[in-house]
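Asker: Okay, here's the structure, questions in a sec.
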Amino acid sequence: MNIMDNIRKFQAGLKDVTHGANFTIVEPSNMYGCVLGDDCFVGPFVEIQRSVNIGDRTRIQSHTFICELVNIGSDCFIAHGVMFINDLFEFGHPNTDPELWRETHIGDNVSIGSNATILPVKVCSNVVIGAGAVVTKDIDKPGIYVGNPARLVREIDPEAKAG
Ligand SMILES: CC(C)(COP(=O)(O)OP(=O)(O)OC[C@H]1O[C@@H](n2cnc3c(N)ncnc32)[C@H](O)[C@@H]1OP(=O)(O)O)[C@@H](O)C(=O)NCCC(=O)NCCS
């Protein structure tokens, strides 16, 4: 028997992806059962799993992982290598029962810096999360959050315009 016969091999690609107008994707990426709004961008080496919802004009940069039970609003920027988490291993090992996984909700106009990790939390609109931050708790005030665990370093006024 050829040893190659023992391999279960799946091809990365797009399966059952619903998207709005003007969708751009850079292959290879692995996306299945997810929904994206209009004018979205997905860079290379991204995985987006089933039931994920992503709003209009949101951009997902390369090497990011977005797992089941994550919702991301409109006008968000998810930088490179951002990791979302739905299983906390709270019983000492990975939970194979999806009923035990937790949801994450990201509001509108949220920018998440490169290499950030987002545990199952709610993040309100108009938030910046610094590069490398680990978000362990809900964020309910607009502002800039950095570090592990992520803490507020500066409030931002969502109405203020860049000079
Ligand atoms: C957090 C960030 C937005 C800067 O926010 P800011 O309010 O202007 O922060 P400052 O630069 O004034 O720094 C404030 C403090 O936070 C610290 N800090 C800044 N960014 C940090 C980060 N990512 N992680 C940990 N600490 C950070 C600074 O060292 C400073 O600490 P100090 O007060 O002890 O000196 C920026 O540093 C960042 O991480 N941006 C993400 C960019 C990114 O990932 N882009 C991807 C596309 S290339």
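By order of appearance in the structure tokens: chains A, B, ..., then residues from 1 within every chain, and ligands from 1 in the order shown.
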Counting only C-alpha atoms, which residues in stretch 49-140 of chain A sit no more than 7 Å from stretch 31-41 of chain A? For each one, give the nearest pair of atoms and the distance in Å, sorted by chain then residue number, as a Markdown table.

Answerer:
```
| residue | atom | partner | partner_atom | distance |
| --- | --- | --- | --- | --- |
| A:Gln49 | CA | A:Tyr32 | CA | 5.5 |
| A:Arg50 | CA | A:Gly33 | CA | 4.1 |
| A:Ser51 | CA | A:Cys34 | CA | 5.0 |
| A:Val52 | CA | A:Cys34 | CA | 4.8 |
| A:Asn53 | CA | A:Val35 | CA | 4.9 |
| A:Ile54 | CA | A:Leu36 | CA | 4.7 |
| A:Gly55 | CA | A:Gly37 | CA | 4.9 |
| A:Asp56 | CA | A:Gly37 | CA | 4.3 |
| A:Arg57 | CA | A:Asp39 | CA | 4.7 |
| A:Thr58 | CA | A:Cys40 | CA | 5.2 |
| A:Arg59 | CA | A:Phe41 | CA | 4.7 |
| A:Ile60 | CA | A:Phe41 | CA | 6.0 |
```

Asker: What residues of the protein or nucleic acid chains come within 9 Å of ligand 1 when you use only C-alpha atoms and all ligand atoms? Reply as an MDAnalysis selection string.

Answerer: chainID A and resid 61 77:80 111:116 128:133 143:148 150 152:156

Asker: Could you take the residues named above and write them with C-alpha atoms, as a compact mmCIF listing (two decimals), in the first residue's frame?

Answerer:
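Result saved to out19.txt:
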```
# COMPACT_ATOMS: atom_id res chain seq x y z
CA GLN A 61 -5.57 41.09 6.76
CA PHE A 77 -9.86 46.61 10.35
CA ILE A 78 -8.58 43.25 11.53
CA ALA A 79 -4.81 43.33 11.05
CA HIS A 80 -2.36 40.51 10.38
CA SER A 111 -9.39 48.23 14.58
CA ILE A 112 -7.50 45.24 15.94
CA GLY A 113 -3.70 45.39 15.73
CA SER A 114 -1.45 42.65 14.42
CA ASN A 115 -0.97 39.52 16.49
CA ALA A 116 -3.77 40.36 18.95
CA VAL A 128 -8.59 50.29 18.85
CA ILE A 129 -6.82 47.20 20.17
CA GLY A 130 -3.03 47.47 20.09
CA ALA A 131 -0.68 45.06 18.39
CA GLY A 132 -0.10 41.94 20.46
CA ALA A 133 -2.90 42.66 22.95
CA GLY A 143 -10.75 53.87 23.40
CA ILE A 144 -7.34 52.37 22.78
CA TYR A 145 -6.51 49.17 24.64
CA VAL A 146 -3.06 47.51 24.85
CA GLY A 147 -1.25 44.72 26.61
CA ASN A 148 -1.91 41.34 28.16
CA ALA A 150 -5.65 44.43 27.51
CA LEU A 152 -7.44 51.12 28.39
CA VAL A 153 -4.56 53.52 27.63
CA ARG A 154 -6.51 56.35 26.02
CA GLU A 155 -10.15 57.20 25.51
CA ILE A 156 -11.15 58.29 22.04
```

Asker: Suppose you want the space between atom CA of A:Ile106 and atom CA of A:Asp138; what is it in Å?

Answerer: 9.9 Å

Asker: Would you compute the distance between atom CA of A:His63 and atom CA of A:Cys76? Give it in Å to one decimal.

Answerer: 16.3 Å

Asker: Applying 7 Å and only C-alpha atoms, which residues near A:Ser29 remain after dropping the ones on its own chain fewer than 5 positions away? List them as a list in words.

Answerer: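 Counting only C-alpha atoms, the residues come to Ala12, Gly13, Pro44, Phe45, Val46 and Glu47 of chain A.
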
Asker: Go ahead and write the selection's residues with C-alpha atoms as a PDB file, in the first residue's frame.

Answerer:
```
ATOM      1  CA  ALA A  12      -8.374  25.158   1.281  1.00  0.00           C
ATOM      2  CA  GLY A  13     -10.854  27.327  -0.557  1.00  0.00           C
ATOM      3  CA  PRO A  44      -4.126  35.560   2.106  1.00  0.00           C
ATOM      4  CA  PHE A  45      -3.755  32.676   4.582  1.00  0.00           C
ATOM      5  CA  VAL A  46      -6.928  33.579   6.460  1.00  0.00           C
ATOM      6  CA  GLU A  47      -9.409  31.073   7.896  1.00  0.00           C
TER       7      GLU A  47
END
```

Asker: Please give the complete set of residues from chain A that DSSP, run on the backbone, assigns to helix (DSSP H, G or I), formatted as a PyMOL selection string.

Answerer: chain A and resi 3-6+98-100

Asker: Let's have the selection written as a tab-separated table (two decimals), in the first residue's frame, with N, CA and C atoms.

Answerer:
```tsv
chain	number	residue	atom	x	y	z
A	3	ILE	N	1.92	4.73	1.10
A	3	ILE	CA	1.67	5.46	2.35
A	3	ILE	C	0.77	6.68	2.13
A	4	MET	N	0.77	7.19	0.90
A	4	MET	CA	-0.07	8.36	0.57
A	4	MET	C	-1.56	8.02	0.69
A	5	ASP	N	-1.92	6.69	0.61
A	5	ASP	CA	-3.33	6.31	0.70
A	5	ASP	C	-3.91	6.61	2.08
A	6	ASN	N	-3.06	6.77	3.08
A	6	ASN	CA	-3.54	6.98	4.44
A	6	ASN	C	-3.81	8.44	4.79
A	98	PRO	N	-19.62	21.84	20.70
A	98	PRO	CA	-19.76	23.26	20.35
A	98	PRO	C	-20.70	24.02	21.29
A	99	GLU	N	-21.59	23.29	21.98
A	99	GLU	CA	-22.50	23.95	22.93
A	99	GLU	C	-21.72	24.67	24.03
A	100	LEU	N	-20.49	24.23	24.26
A	100	LEU	CA	-19.66	24.81	25.33
A	100	LEU	C	-18.78	25.96	24.84
```

Asker: Quote the spacing between atom CA of A:Ser62 and atom CA of A:Phe23 in Å to one decimal place.

Answerer: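 Rounded to one decimal, the two atoms are 15.4 Å apart.
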
Asker: Do a neighbour search on stretch 87-94 of chain A at 12 Å with only C-alpha atoms, toss out local chain neighbours closer than 4 positions, and write the hits as a tab-separated table (two decimals) with C-alpha atoms, in the first residue's frame.

Answerer:
```tsv
chain	number	residue	atom	x	y	z
A	67	CYS	CA	-13.59	30.93	14.45
A	68	GLU	CA	-17.24	29.97	14.76
A	69	LEU	CA	-19.41	32.19	16.98
A	70	VAL	CA	-17.59	35.41	16.06
A	98	PRO	CA	-19.76	23.26	20.35
A	99	GLU	CA	-22.50	23.95	22.93
A	100	LEU	CA	-19.66	24.81	25.33
A	101	TRP	CA	-18.02	27.33	23.02
A	102	ARG	CA	-18.55	31.05	23.63
A	103	GLU	CA	-19.47	33.98	21.38
A	104	THR	CA	-17.50	37.08	20.46
A	118	ILE	CA	-9.39	37.98	21.27
A	119	LEU	CA	-11.00	35.67	23.82
A	120	PRO	CA	-14.81	35.34	23.81
A	121	VAL	CA	-15.84	38.92	24.61
A	136	THR	CA	-9.82	38.82	28.08
```

Asker: So, counting only C-alpha atoms, which residue among A:Val17, A:Val123, A:Val134, A:Ile25 is closest to A:Ile85?

Answerer: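 Once distances to A:Ile85 are computed over only C-alpha atoms, the minimum belongs to A:Val134.
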
Asker: List every residue of stretch 3-125 of chain A that DSSP, applied to the backbone of this structure, assigns to strand (DSSP E or B), and report them as a PyMOL selection string.

Answerer: chain A and resi 14-15+18-19+24-25+30-32+35-36+41-42+47-48+53-54+59-60+65-66+70-72+77-78+83-84+104-106+110-112+117-118+122-123

Asker: Can I get the selection written as a PDB file, in the first residue's frame, with C-alpha atoms?

Answerer:
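This went into result.pdb:
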```pdb
ATOM      1  CA  LEU A  14     -14.248  29.016  -0.440  1.00  0.00           C
ATOM      2  CA  LYS A  15     -17.285  26.869   0.388  1.00  0.00           C
ATOM      3  CA  THR A  18     -22.188  34.472   1.151  1.00  0.00           C
ATOM      4  CA  HIS A  19     -20.808  37.898   0.313  1.00  0.00           C
ATOM      5  CA  THR A  24     -11.954  40.938  -2.719  1.00  0.00           C
ATOM      6  CA  ILE A  25     -10.070  37.857  -1.560  1.00  0.00           C
ATOM      7  CA  ASN A  30     -10.029  28.894   3.786  1.00  0.00           C
ATOM      8  CA  MET A  31     -13.579  30.170   4.294  1.00  0.00           C
ATOM      9  CA  TYR A  32     -16.757  28.177   4.784  1.00  0.00           C
ATOM     10  CA  VAL A  35     -21.389  35.763   5.585  1.00  0.00           C
ATOM     11  CA  LEU A  36     -19.686  39.004   4.535  1.00  0.00           C
ATOM     12  CA  PHE A  41     -11.463  42.437   1.794  1.00  0.00           C
ATOM     13  CA  VAL A  42      -9.821  39.197   2.954  1.00  0.00           C
ATOM     14  CA  GLU A  47      -9.409  31.073   7.896  1.00  0.00           C
ATOM     15  CA  ILE A  48     -13.001  32.119   8.517  1.00  0.00           C
ATOM     16  CA  ASN A  53     -20.793  37.338  10.175  1.00  0.00           C
ATOM     17  CA  ILE A  54     -18.715  40.265   8.926  1.00  0.00           C
ATOM     18  CA  ARG A  59     -10.990  44.328   6.025  1.00  0.00           C
ATOM     19  CA  ILE A  60      -9.341  41.149   7.257  1.00  0.00           C
ATOM     20  CA  PHE A  65      -8.103  33.160  12.196  1.00  0.00           C
ATOM     21  CA  ILE A  66     -11.805  33.853  12.815  1.00  0.00           C
ATOM     22  CA  VAL A  70     -17.590  35.407  16.060  1.00  0.00           C
ATOM     23  CA  ASN A  71     -19.474  38.435  14.723  1.00  0.00           C
ATOM     24  CA  ILE A  72     -17.624  41.482  13.423  1.00  0.00           C
ATOM     25  CA  PHE A  77      -9.861  46.608  10.353  1.00  0.00           C
ATOM     26  CA  ILE A  78      -8.575  43.248  11.527  1.00  0.00           C
ATOM     27  CA  MET A  83      -6.511  35.112  16.573  1.00  0.00           C
ATOM     28  CA  PHE A  84     -10.086  34.732  17.803  1.00  0.00           C
ATOM     29  CA  THR A 104     -17.495  37.078  20.457  1.00  0.00           C
ATOM     30  CA  HIS A 105     -19.142  40.292  19.251  1.00  0.00           C
ATOM     31  CA  ILE A 106     -17.075  43.098  17.748  1.00  0.00           C
ATOM     32  CA  VAL A 110     -13.063  48.565  15.577  1.00  0.00           C
ATOM     33  CA  SER A 111      -9.389  48.230  14.585  1.00  0.00           C
ATOM     34  CA  ILE A 112      -7.499  45.244  15.940  1.00  0.00           C
ATOM     35  CA  THR A 117      -5.692  37.527  20.598  1.00  0.00           C
ATOM     36  CA  ILE A 118      -9.387  37.978  21.273  1.00  0.00           C
ATOM     37  CA  LYS A 122     -18.034  41.820  23.520  1.00  0.00           C
ATOM     38  CA  VAL A 123     -16.198  44.859  22.159  1.00  0.00           C
TER      39      VAL A 123
END
```
